[in-house]
Amino acid sequence: MLVAACVKYVDLRPQVDRLTGHVTDGGTSGWSAADLAAVETALRLGETWSAPVAVVSAAPESADAALREFRAVGVDRVVRVELGLEAGVELESSDVANVLSDTLRSLDASVVCCGDYSADRGSGSVPAYLAHGLGAAQALGAVEVHTEGPGSLRLVRRLDGGRREQLVVDAPCVISVEGSVAELRRASLGATLAARDAPIDVVPVPGLHGHASPVTRPWSPPARVQPAPAGDAALQRVVELTGALVERTPPRTVELSADDAAELILDQLRAWGYLESSAQESSE
Amino acid sequence: MSSVTDFDAIVVGAGPAGAAAALELARAGRSVCLLERGPFPGSKNMYGGVVYGRILDTLIPAWWEEAPVQRWVTRRSTMIMTGDQAVTVDFRNEAWGAAPYNGATAYRPDFDAWLAAKATDAGAVLVCSTTATGLLREGGRVVGVRTDRPDGDLRASVVIACDGVNSFLAKEAGMYPHTDPSNFTVGVKETIGLPREVIDERFGVRGDHGVDIEIIGCTGDVPGGGFVYTNGESLAVGLVLSLPQLAAGDTRPEELLRRMKTHPAIAPLVEGGEVLEYSAHVIPEAGYEMMPELVGDGILVAGDAAAMCLAAGIWLEGVNFAIGSGAEAGRAAARAIGRGDTSSAGLADYRRRLESTFVLADHHRLRAAPHLVMSPLAQQQLPKLACGVLEDLFTVTNPEPKPGLRRIVRRRMKREGVSTREALKQGLRALRTFG
Ligand SMILES: Cc1cc2nc3c(=O)[nH]c(=O)nc-3n(C[C@H](O)[C@H](O)[C@H](O)COP(=O)(O)OP(=O)(O)OC[C@H]3O[C@@H](n4cnc5c(N)ncnc54)[C@H](O)[C@@H]3O)c2cc1C
């Protein structure tokens with residue numbers, strides 16, 4: 001049995017061009033707290049089950065130094081999947097999961113730990129695609145991870161309203177953990193120095209075509225012109241401006257199908273003037 | 001002693017001093033470990049913003065082609081202000097905007113990381129996220145450092161303390177006889193984001209040219225000074241304040257900074273900017289007067305750890321002094337290791353060499369400058385006098401005839417309580433200090 005952790009290498013201080021929204025490498029890359037928690041979880045499971053631990057990351061060569069730090073904390077093997085993509089070009093989550101699952105299968109990984117978010121706050125969907133690709137059970141977004149027996153895990157997840165649910169999953173499985181689950185242990189000085197020359201297995205995956213990261217623009221809702229508040233005293237004007245004493249529609253709770261709920265939200269946004277009304281939209 | 005933790009030298013702190021020391025040791029073929037407490041060099045460091053790179057000429061030829069620079073300083077202004085007046089001496093030099101340049105604004109996380117990479121390229125081993133928590137000693141001699149990592153003892157023939165101002169390592173080694181708070185100032189700074197074109201327009205520069213404004217009279221009752229520097233798309237606006245007097249008063253440094261930003265001479269420069277960052281750091285203001293022993297058995301001290309920042313009014317230079325002293329410390333350590341004698345006698349030529357360079361020469365010559373700059377005359381009376389004289393000179397008083405300059409000066413000196421004798425005395429003192 002092998003326990004693996006999958007982590008995403010992300011630029012933690014990207015430079016964003018204010019004019020075009022184009023993102024470039026800020027030179028300080030690293031891992032999310034959740035990814036580091038995934039590595040620590042994998043190490044603990046490996047210790048409990050006396051199983052080897054591997055870290056797998058689809059990352060460029062510049063990630064090697066950061067990946068070696070995992071060797072320093074006791075990870076037995078580090079595999080970097082080389083996608084050969086240019087900076088700023090990304091793969092869809094499902095494609096990332098595809099290449100990672102090939103590598104995980106070749107490593108014979110029984111339990112795969114992921115962070116439930118990457119440092120760039122992606123979609124968080126790679127673990128689910130991984131489970132699908134590996135034909136493994138999945139338990140995502142864990143806030144606690146306990147071992148039940150060899151290859152068996154009990155996880156605690158958040159539910160709405162402060163409730164918790166417990167899940168028991170058996171290997172083969174993919175789990176994802178929140179950053180608070182475990183803090184990555186600190187490497188000893190000797191191990192840190194020794195890991196500088198530790199080997200990293202590189203698995204090239206040629207011929208991939210990603211999509212360039214989207215060009216984003218800042219967006220704010222269109223401003224609405226408000227008449228100046230009337231009243232002689234400042235207090236009167238503030239009261240009018242804030243609508244503090246005006247009778248208002250109380251919040252309401254509705255239970256609707258997804259389509260009807262979306263329609264209701266759009267209607268309300270139109271009523272508040274944030275969206276053009278349907279009549280105007282169709283006349284354009 | 002495990003062989004993986006055995007180095008010829010350990011340099012603590014990957015600021016400019018530490019990076020230069022490690023670079024020179026590595027180039028001399030010595031094994032050197034550069035310890036840094038931050039996740040990467042420069043991540044914990046702040047300063048005002050101008051690096052004077054001449055010292056790099058010998059270390060990294062044509063450094064300007066690759067150093068991470070924001071703007072090349074082609075305008076240096078010295079501003080003397082009172083509550084709502086300001087006199088500015090503005091010097092523009094286009095030659096500073098071309099190689100080999102003079103000063104440049106740069107962000108420390110970029111600059112320090114770049115310089116430290118030079119050391120690692122030369123073979124130094126950089127270990128980040130690791131704090132040296134103390135010295136290892138054998139019979140009074142320093143033989144390494146203790147770090148905050150598990151099994152974190154590291155041994156070497158020489159330790160170079162480049163851990164910045166208020167160096168715990170130099171103090172632990174007994175190299176600072178005493179610490180006097182009046183030797184320190186605290187620097188506070190806001191980084192204010194503005195579009196490049198706005199900065200160009202407000203400061204009258206183009207392309208990658210930038211401006212350095214040093215200010216006196218902007219710190220209220222607390223002795224100190226101020227600065228405004230232009231980066232590519234941000235301004236560095238800050239104050240340097242006497243530590244004991246700041247502590248004794250009841251005005252917080254950020255309030256003093258806010259006041260300077262609302263001064264009519266500064267407000268139009270920063271207007272509409274977005275504060276991106278606020279930071280603060282202590283400066284070893286007293287320079288030469290507060291320097292520790294620079295050499296001990298198995299240990300050298302360089303940069304701010306040895307109080308080598310030059311804070312002398314119109315000059316606020318620390319990075320170049322740190323690089324200069326760090327490089328000399330690295331060379332001295334490499335020679336001593338080569339001779340097999342890293343006792344204080346074996347390392348003693350560090351101080352001798354520093355004396356023959358700008359590092360101790362400038363500090364020695366300008367040793368009285370910090371006191372002079374912080375004196376009530378320079379801080380309170382001079383700004384009022386300078387602004388008052390110019391006000392009288394340029395205010396048109398028709399139908400009264402124009403007063404003569406001598407009369408104006410005498411009248412203003414009287415009003416500010418400055419006697420001719422005192423003015424001459426202080427003038428002579430200034431000449432002796434800066435001359
Ligand atoms: C507000 C302000 C404005 C300034 N403006 C300028 C200017 O415009 N131009 C200029 O030239 N100088 C300026 N200076 C001075 C300049 O910043 C310093 O003189 C210079 O940074 C000193 O370099 P250094 O390498 O000695 O120390 P630092 O730059 O302080 O570097 C020390 C390094 O050691 C690390 N460290 C500390 N303790 C430990 C430990 N125990 N273990 C491991 N690592 C440790 C720190 O993280 C840091 O990286 C300014 C300073 C201030 C505060």
# chains A, B, ... in the order shown; residues from 1 in each chain; ligands from 1
$ closest_atom_pairs --of "chain B" --to "ligand 1" --cutoff "6 Å" --atoms "only C-alpha atoms and all ligand atoms" --output "CSV"
residue,atom,partner,partner_atom_place_in_ligand_line,distance
B:Val12,CA,ligand 1,43 (C),5.2
B:Gly13,CA,ligand 1,34 (O),3.1
B:Ala14,CA,ligand 1,49 (O),4.7
B:Gly15,CA,ligand 1,25 (O),3.6
B:Pro16,CA,ligand 1,25 (O),4.0
B:Ala17,CA,ligand 1,25 (O),3.8
B:Gly18,CA,ligand 1,25 (O),5.6
B:Leu35,CA,ligand 1,43 (C),5.2
B:Glu36,CA,ligand 1,44 (N),3.8
B:Arg37,CA,ligand 1,44 (N),4.0
B:Gly38,CA,ligand 1,47 (O),5.3
B:Pro41,CA,ligand 1,49 (O),5.7
B:Gly42,CA,ligand 1,49 (O),5.4
B:Lys44,CA,ligand 1,47 (O),5.1
B:Asn45,CA,ligand 1,29 (O),5.6
B:Tyr47,CA,ligand 1,3 (C),3.7
B:Gly48,CA,ligand 1,5 (N),3.4
B:Gly49,CA,ligand 1,8 (O),4.1
B:Val50,CA,ligand 1,8 (O),3.9
B:Val51,CA,ligand 1,11 (O),4.9
B:Thr130,CA,ligand 1,43 (C),5.9
B:Thr131,CA,ligand 1,42 (N),3.5
B:Ala132,CA,ligand 1,42 (N),3.9
B:Thr133,CA,ligand 1,41 (N),5.6
B:Cys162,CA,ligand 1,26 (O),5.4
B:Asp163,CA,ligand 1,34 (O),3.7
B:Gly164,CA,ligand 1,27 (O),3.7
B:Gly187,CA,ligand 1,1 (C),3.6
B:Val188,CA,ligand 1,1 (C),5.4
B:His281,CA,ligand 1,53 (C),4.4
B:Val282,CA,ligand 1,53 (C),5.3
B:Ile283,CA,ligand 1,53 (C),5.1
B:Gly303,CA,ligand 1,26 (O),3.3
B:Asp304,CA,ligand 1,26 (O),3.8
B:Ala305,CA,ligand 1,26 (O),5.7
B:Cys309,CA,ligand 1,19 (O),4.4
B:Leu316,CA,ligand 1,7 (C),5.4
B:Glu317,CA,ligand 1,11 (O),3.6
B:Gly318,CA,ligand 1,19 (O),3.0
B:Val319,CA,ligand 1,11 (O),3.8
B:Asn320,CA,ligand 1,11 (O),5.6
B:Ala322,CA,ligand 1,26 (O),4.8
$ closest_atom_pairs --of "chain A" --to "chain B" --cutoff "7 Å" --atoms "only C-alpha atoms" --output "CSV"
residue,atom,partner,partner_atom,distance
A:Arg186,CA,B:Arg149,CA,6.9
A:Ala187,CA,B:Arg149,CA,6.8
A:Ser188,CA,B:Pro150,CA,4.5
A:Leu189,CA,B:Gly152,CA,5.0
A:Gly190,CA,B:Thr5,CA,6.2
A:Leu193,CA,B:Val4,CA,6.8
A:Ala194,CA,B:Val4,CA,6.7
$ residues_around --residues "B:Pro177" --least-positions-apart "3" --cutoff "12 Å" --atoms "only C-alpha atoms" --output "CSV table (one decimal) with N, CA and C atoms, in the first residue's frame"
chain,number,residue,atom,x,y,z
B,170,ALA,N,25.2,39.4,18.1
B,170,ALA,CA,26.3,40.2,18.5
B,170,ALA,C,26.2,40.5,20.0
B,171,LYS,N,25.0,40.7,20.5
B,171,LYS,CA,24.8,40.9,21.9
B,171,LYS,C,25.2,39.7,22.7
B,172,GLU,N,24.7,38.5,22.2
B,172,GLU,CA,25.0,37.3,23.0
B,172,GLU,C,26.5,37.1,23.0
B,173,ALA,N,27.2,37.5,21.9
B,173,ALA,CA,28.7,37.3,21.9
B,173,ALA,C,29.4,38.3,22.8
B,174,GLY,N,28.6,39.2,23.4
B,174,GLY,CA,29.2,40.3,24.3
B,174,GLY,C,29.9,41.4,23.5
B,180,ASP,N,21.8,51.7,24.2
B,180,ASP,CA,21.2,52.9,24.6
B,180,ASP,C,20.1,53.3,23.6
B,290,MET,N,27.9,54.1,18.1
B,290,MET,CA,27.3,52.9,18.8
B,290,MET,C,27.8,51.6,18.3
B,291,MET,N,28.8,51.6,17.4
B,291,MET,CA,29.3,50.4,16.8
B,291,MET,C,29.8,49.4,17.9
B,292,PRO,N,29.6,48.1,17.7
B,292,PRO,CA,30.1,47.1,18.6
B,292,PRO,C,31.5,46.7,18.3
B,293,GLU,N,32.1,45.8,19.1
B,293,GLU,CA,33.3,45.2,18.6
B,293,GLU,C,33.0,44.5,17.3
B,294,LEU,N,33.8,44.6,16.3
B,294,LEU,CA,33.4,44.0,15.0
B,294,LEU,C,33.9,42.5,14.9
$ residues_around --residues "B:Arg258" --least-positions-apart "2" --cutoff "12 Å" --atoms "only C-alpha atoms" --output "tab-separated table (two decimals) with C-alpha atoms, in the first residue's frame"
chain	number	residue	atom	x	y	z
B	188	VAL	CA	7.67	53.96	9.40
B	189	LYS	CA	6.59	53.80	5.81
B	190	GLU	CA	3.51	53.62	3.66
B	218	CYS	CA	8.05	67.20	9.09
B	219	THR	CA	7.99	65.26	12.35
B	220	GLY	CA	6.33	67.66	14.79
B	226	GLY	CA	10.90	62.17	6.26
B	237	VAL	CA	6.35	57.80	1.96
B	238	GLY	CA	7.83	57.59	5.41
B	239	LEU	CA	9.32	59.06	8.54
B	251	THR	CA	1.54	60.83	19.24
B	252	ARG	CA	1.71	57.58	17.35
B	253	PRO	CA	4.06	57.38	14.32
B	254	GLU	CA	1.20	56.69	11.90
B	255	GLU	CA	-0.45	59.93	13.05
B	256	LEU	CA	2.78	61.86	12.40
B	260	MET	CA	3.09	64.87	6.81
B	261	LYS	CA	0.87	63.49	4.05
B	262	THR	CA	-1.55	66.38	4.53
B	263	HIS	CA	1.19	69.04	4.32
B	266	ILE	CA	3.20	66.59	0.07
B	267	ALA	CA	-0.59	66.22	-0.25
B	270	VAL	CA	0.12	61.39	-2.70
B	275	VAL	CA	-2.13	52.59	0.71
B	278	TYR	CA	2.39	49.97	6.15
$ select_by_dssp --residues "stretch 31-199 of chain A" --states "alpha helix (DSSP H)" --output "short mmCIF file (atom, residue, chain, number, x, y, z; two decimals) with N, CA, C and O atoms, in the first residue's frame"
data_model
loop_
_atom_site.label_atom_id
_atom_site.label_comp_id
_atom_site.auth_asym_id
_atom_site.auth_seq_id
_atom_site.Cartn_x
_atom_site.Cartn_y
_atom_site.Cartn_z
N ALA A 33 -2.36 26.13 2.44
CA ALA A 33 -2.35 25.47 3.76
C ALA A 33 -3.03 24.12 3.65
O ALA A 33 -2.62 23.15 4.30
N ALA A 34 -4.06 24.02 2.80
CA ALA A 34 -4.78 22.75 2.66
C ALA A 34 -3.88 21.69 2.01
O ALA A 34 -3.89 20.52 2.42
N ASP A 35 -3.09 22.11 1.02
CA ASP A 35 -2.17 21.15 0.39
C ASP A 35 -1.12 20.67 1.39
O ASP A 35 -0.76 19.49 1.42
N LEU A 36 -0.62 21.60 2.20
CA LEU A 36 0.38 21.21 3.21
C LEU A 36 -0.26 20.26 4.23
O LEU A 36 0.36 19.30 4.68
N ALA A 37 -1.53 20.51 4.56
CA ALA A 37 -2.25 19.61 5.48
C ALA A 37 -2.42 18.23 4.84
O ALA A 37 -2.36 17.21 5.54
N ALA A 38 -2.60 18.21 3.53
CA ALA A 38 -2.75 16.93 2.83
C ALA A 38 -1.45 16.12 2.94
O ALA A 38 -1.47 14.90 3.17
N VAL A 39 -0.31 16.82 2.81
CA VAL A 39 0.98 16.11 2.90
C VAL A 39 1.17 15.57 4.32
O VAL A 39 1.57 14.43 4.52
N GLU A 40 0.84 16.40 5.32
CA GLU A 40 0.99 15.95 6.71
C GLU A 40 0.06 14.76 6.99
O GLU A 40 0.45 13.80 7.64
N THR A 41 -1.16 14.84 6.47
CA THR A 41 -2.11 13.73 6.66
C THR A 41 -1.55 12.45 6.04
O THR A 41 -1.58 11.38 6.66
N ALA A 42 -0.99 12.59 4.83
CA ALA A 42 -0.42 11.42 4.17
C ALA A 42 0.73 10.84 5.00
O ALA A 42 0.84 9.63 5.17
N LEU A 43 1.55 11.74 5.57
CA LEU A 43 2.68 11.26 6.38
C LEU A 43 2.18 10.51 7.62
O LEU A 43 2.71 9.44 7.98
N ARG A 44 1.14 11.06 8.24
CA ARG A 44 0.61 10.39 9.45
C ARG A 44 0.01 9.04 9.10
O ARG A 44 0.18 8.07 9.84
N LEU A 45 -0.73 8.98 7.98
CA LEU A 45 -1.32 7.70 7.58
C LEU A 45 -0.21 6.69 7.27
O LEU A 45 -0.27 5.53 7.66
N GLY A 46 0.82 7.18 6.58
CA GLY A 46 1.95 6.31 6.24
C GLY A 46 2.60 5.75 7.51
O GLY A 46 2.94 4.57 7.58
N GLU A 47 2.74 6.62 8.51
CA GLU A 47 3.36 6.16 9.77
C GLU A 47 2.47 5.12 10.45
O GLU A 47 2.94 4.09 10.92
N THR A 48 1.15 5.39 10.47
CA THR A 48 0.22 4.48 11.16
C THR A 48 0.19 3.12 10.46
O THR A 48 0.14 2.08 11.11
N TRP A 49 0.22 3.14 9.15
CA TRP A 49 0.09 1.88 8.40
C TRP A 49 1.44 1.33 7.95
O TRP A 49 1.50 0.37 7.19
N ASP A 64 10.92 22.42 -8.22
CA ASP A 64 11.75 21.36 -7.64
C ASP A 64 12.24 21.68 -6.23
O ASP A 64 12.21 20.83 -5.35
N ALA A 65 12.72 22.93 -6.03
CA ALA A 65 13.26 23.27 -4.70
C ALA A 65 12.17 23.13 -3.65
O ALA A 65 12.39 22.58 -2.56
N ALA A 66 10.96 23.62 -3.96
CA ALA A 66 9.87 23.54 -3.00
C ALA A 66 9.45 22.08 -2.80
O ALA A 66 9.09 21.67 -1.68
N LEU A 67 9.50 21.28 -3.87
CA LEU A 67 9.13 19.86 -3.73
C LEU A 67 10.14 19.11 -2.85
O LEU A 67 9.77 18.21 -2.10
N ARG A 68 11.40 19.52 -2.95
CA ARG A 68 12.42 18.83 -2.14
C ARG A 68 12.18 19.03 -0.65
O ARG A 68 12.60 18.22 0.16
N GLU A 69 11.52 20.13 -0.31
CA GLU A 69 11.22 20.34 1.12
C GLU A 69 10.33 19.22 1.65
O GLU A 69 10.36 18.90 2.84
N PHE A 70 9.54 18.59 0.78
CA PHE A 70 8.72 17.45 1.22
C PHE A 70 9.61 16.25 1.54
O PHE A 70 9.32 15.47 2.43
N ARG A 71 10.69 16.11 0.78
CA ARG A 71 11.63 15.03 1.12
C ARG A 71 12.20 15.28 2.51
O ARG A 71 12.41 14.34 3.28
N ALA A 72 12.46 16.55 2.83
CA ALA A 72 13.06 16.86 4.13
C ALA A 72 12.13 16.49 5.29
O ALA A 72 12.60 16.16 6.37
N SER A 93 -9.51 21.12 -14.89
CA SER A 93 -9.35 20.23 -13.73
C SER A 93 -9.41 18.75 -14.15
O SER A 93 -8.65 17.92 -13.66
N SER A 94 -10.32 18.45 -15.07
CA SER A 94 -10.48 17.04 -15.46
C SER A 94 -9.21 16.53 -16.15
O SER A 94 -8.80 15.39 -15.96
N ASP A 95 -8.56 17.41 -16.94
CA ASP A 95 -7.32 16.99 -17.61
C ASP A 95 -6.18 16.83 -16.63
O ASP A 95 -5.36 15.91 -16.74
N VAL A 96 -6.13 17.73 -15.64
CA VAL A 96 -5.09 17.59 -14.60
C VAL A 96 -5.28 16.25 -13.89
O VAL A 96 -4.34 15.48 -13.69
N ALA A 97 -6.54 15.97 -13.53
CA ALA A 97 -6.83 14.72 -12.83
C ALA A 97 -6.45 13.52 -13.68
O ALA A 97 -5.92 12.52 -13.17
N ASN A 98 -6.67 13.62 -14.99
CA ASN A 98 -6.32 12.50 -15.87
C ASN A 98 -4.84 12.18 -15.81
O ASN A 98 -4.44 11.03 -15.63
N VAL A 99 -4.00 13.24 -15.94
CA VAL A 99 -2.55 12.96 -15.95
C VAL A 99 -2.09 12.51 -14.57
O VAL A 99 -1.23 11.64 -14.45
N LEU A 100 -2.69 13.09 -13.51
CA LEU A 100 -2.28 12.67 -12.17
C LEU A 100 -2.70 11.22 -11.89
O LEU A 100 -1.96 10.45 -11.29
N SER A 101 -3.90 10.86 -12.36
CA SER A 101 -4.36 9.50 -12.04
C SER A 101 -3.50 8.46 -12.75
O SER A 101 -3.26 7.39 -12.20
N ASP A 102 -3.00 8.77 -13.95
CA ASP A 102 -2.08 7.82 -14.61
C ASP A 102 -0.87 7.57 -13.72
O ASP A 102 -0.45 6.44 -13.51
N THR A 103 -0.30 8.69 -13.20
CA THR A 103 0.90 8.57 -12.35
C THR A 103 0.56 7.83 -11.05
O THR A 103 1.31 6.95 -10.61
N LEU A 104 -0.59 8.17 -10.45
CA LEU A 104 -0.96 7.53 -9.17
C LEU A 104 -1.18 6.03 -9.38
O LEU A 104 -0.82 5.21 -8.52
N ARG A 105 -1.74 5.68 -10.52
CA ARG A 105 -1.96 4.26 -10.81
C ARG A 105 -0.62 3.54 -10.93
O ARG A 105 -0.42 2.46 -10.36
N SER A 106 0.33 4.20 -11.63
CA SER A 106 1.63 3.53 -11.79
C SER A 106 2.38 3.42 -10.46
O SER A 106 3.21 2.56 -10.28
N LEU A 107 2.04 4.30 -9.51
CA LEU A 107 2.67 4.22 -8.18
C LEU A 107 1.95 3.21 -7.29
O LEU A 107 2.41 2.89 -6.20
N VAL A 126 -10.45 18.87 -8.63
CA VAL A 126 -9.50 17.84 -9.05
C VAL A 126 -9.65 16.54 -8.23
O VAL A 126 -9.67 15.45 -8.82
N PRO A 127 -9.80 16.61 -6.88
CA PRO A 127 -9.93 15.35 -6.14
C PRO A 127 -11.11 14.50 -6.62
O PRO A 127 -10.99 13.27 -6.73
N ALA A 128 -12.23 15.15 -6.92
CA ALA A 128 -13.40 14.39 -7.37
C ALA A 128 -13.12 13.72 -8.73
O ALA A 128 -13.42 12.54 -8.92
N TYR A 129 -12.49 14.48 -9.65
CA TYR A 129 -12.14 13.88 -10.94
C TYR A 129 -11.13 12.75 -10.76
O TYR A 129 -11.18 11.74 -11.45
N LEU A 130 -10.21 12.94 -9.79
CA LEU A 130 -9.21 11.90 -9.53
C LEU A 130 -9.89 10.61 -9.10
O LEU A 130 -9.56 9.52 -9.59
N ALA A 131 -10.84 10.74 -8.14
CA ALA A 131 -11.54 9.57 -7.63
C ALA A 131 -12.25 8.86 -8.79
O ALA A 131 -12.19 7.64 -8.92
N HIS A 132 -12.84 9.67 -9.65
CA HIS A 132 -13.54 9.09 -10.80
C HIS A 132 -12.54 8.35 -11.69
O HIS A 132 -12.77 7.20 -12.08
N GLY A 133 -11.42 9.01 -11.97
CA GLY A 133 -10.42 8.41 -12.86
C GLY A 133 -9.82 7.13 -12.28
O GLY A 133 -9.50 6.20 -13.02
N LEU A 134 -9.68 7.10 -10.97
CA LEU A 134 -9.05 5.93 -10.33
C LEU A 134 -10.08 4.87 -9.97
O LEU A 134 -9.72 3.79 -9.48
N LEU A 189 17.13 20.35 10.68
CA LEU A 189 18.10 21.09 9.88
C LEU A 189 18.90 20.14 8.98
O LEU A 189 19.11 20.39 7.79
N GLY A 190 19.30 19.00 9.56
CA GLY A 190 20.08 18.02 8.79
C GLY A 190 19.29 17.54 7.59
O GLY A 190 19.82 17.46 6.47
N ALA A 191 18.00 17.21 7.82
CA ALA A 191 17.18 16.71 6.71
C ALA A 191 16.98 17.79 5.65
O ALA A 191 16.98 17.52 4.46
N THR A 192 16.84 19.05 6.09
CA THR A 192 16.66 20.16 5.14
C THR A 192 17.89 20.28 4.25
O THR A 192 17.79 20.45 3.04
N LEU A 193 19.06 20.18 4.87
CA LEU A 193 20.29 20.29 4.08
C LEU A 193 20.46 19.07 3.17
O LEU A 193 20.81 19.21 2.00
N ALA A 194 20.14 17.87 3.70
CA ALA A 194 20.32 16.65 2.90
C ALA A 194 19.37 16.64 1.71
O ALA A 194 19.72 16.17 0.63
#
$ atom_distance --atom1 "atom CA of B:Ala369" --atom2 "atom CA of B:Gly435"
10.9 Å
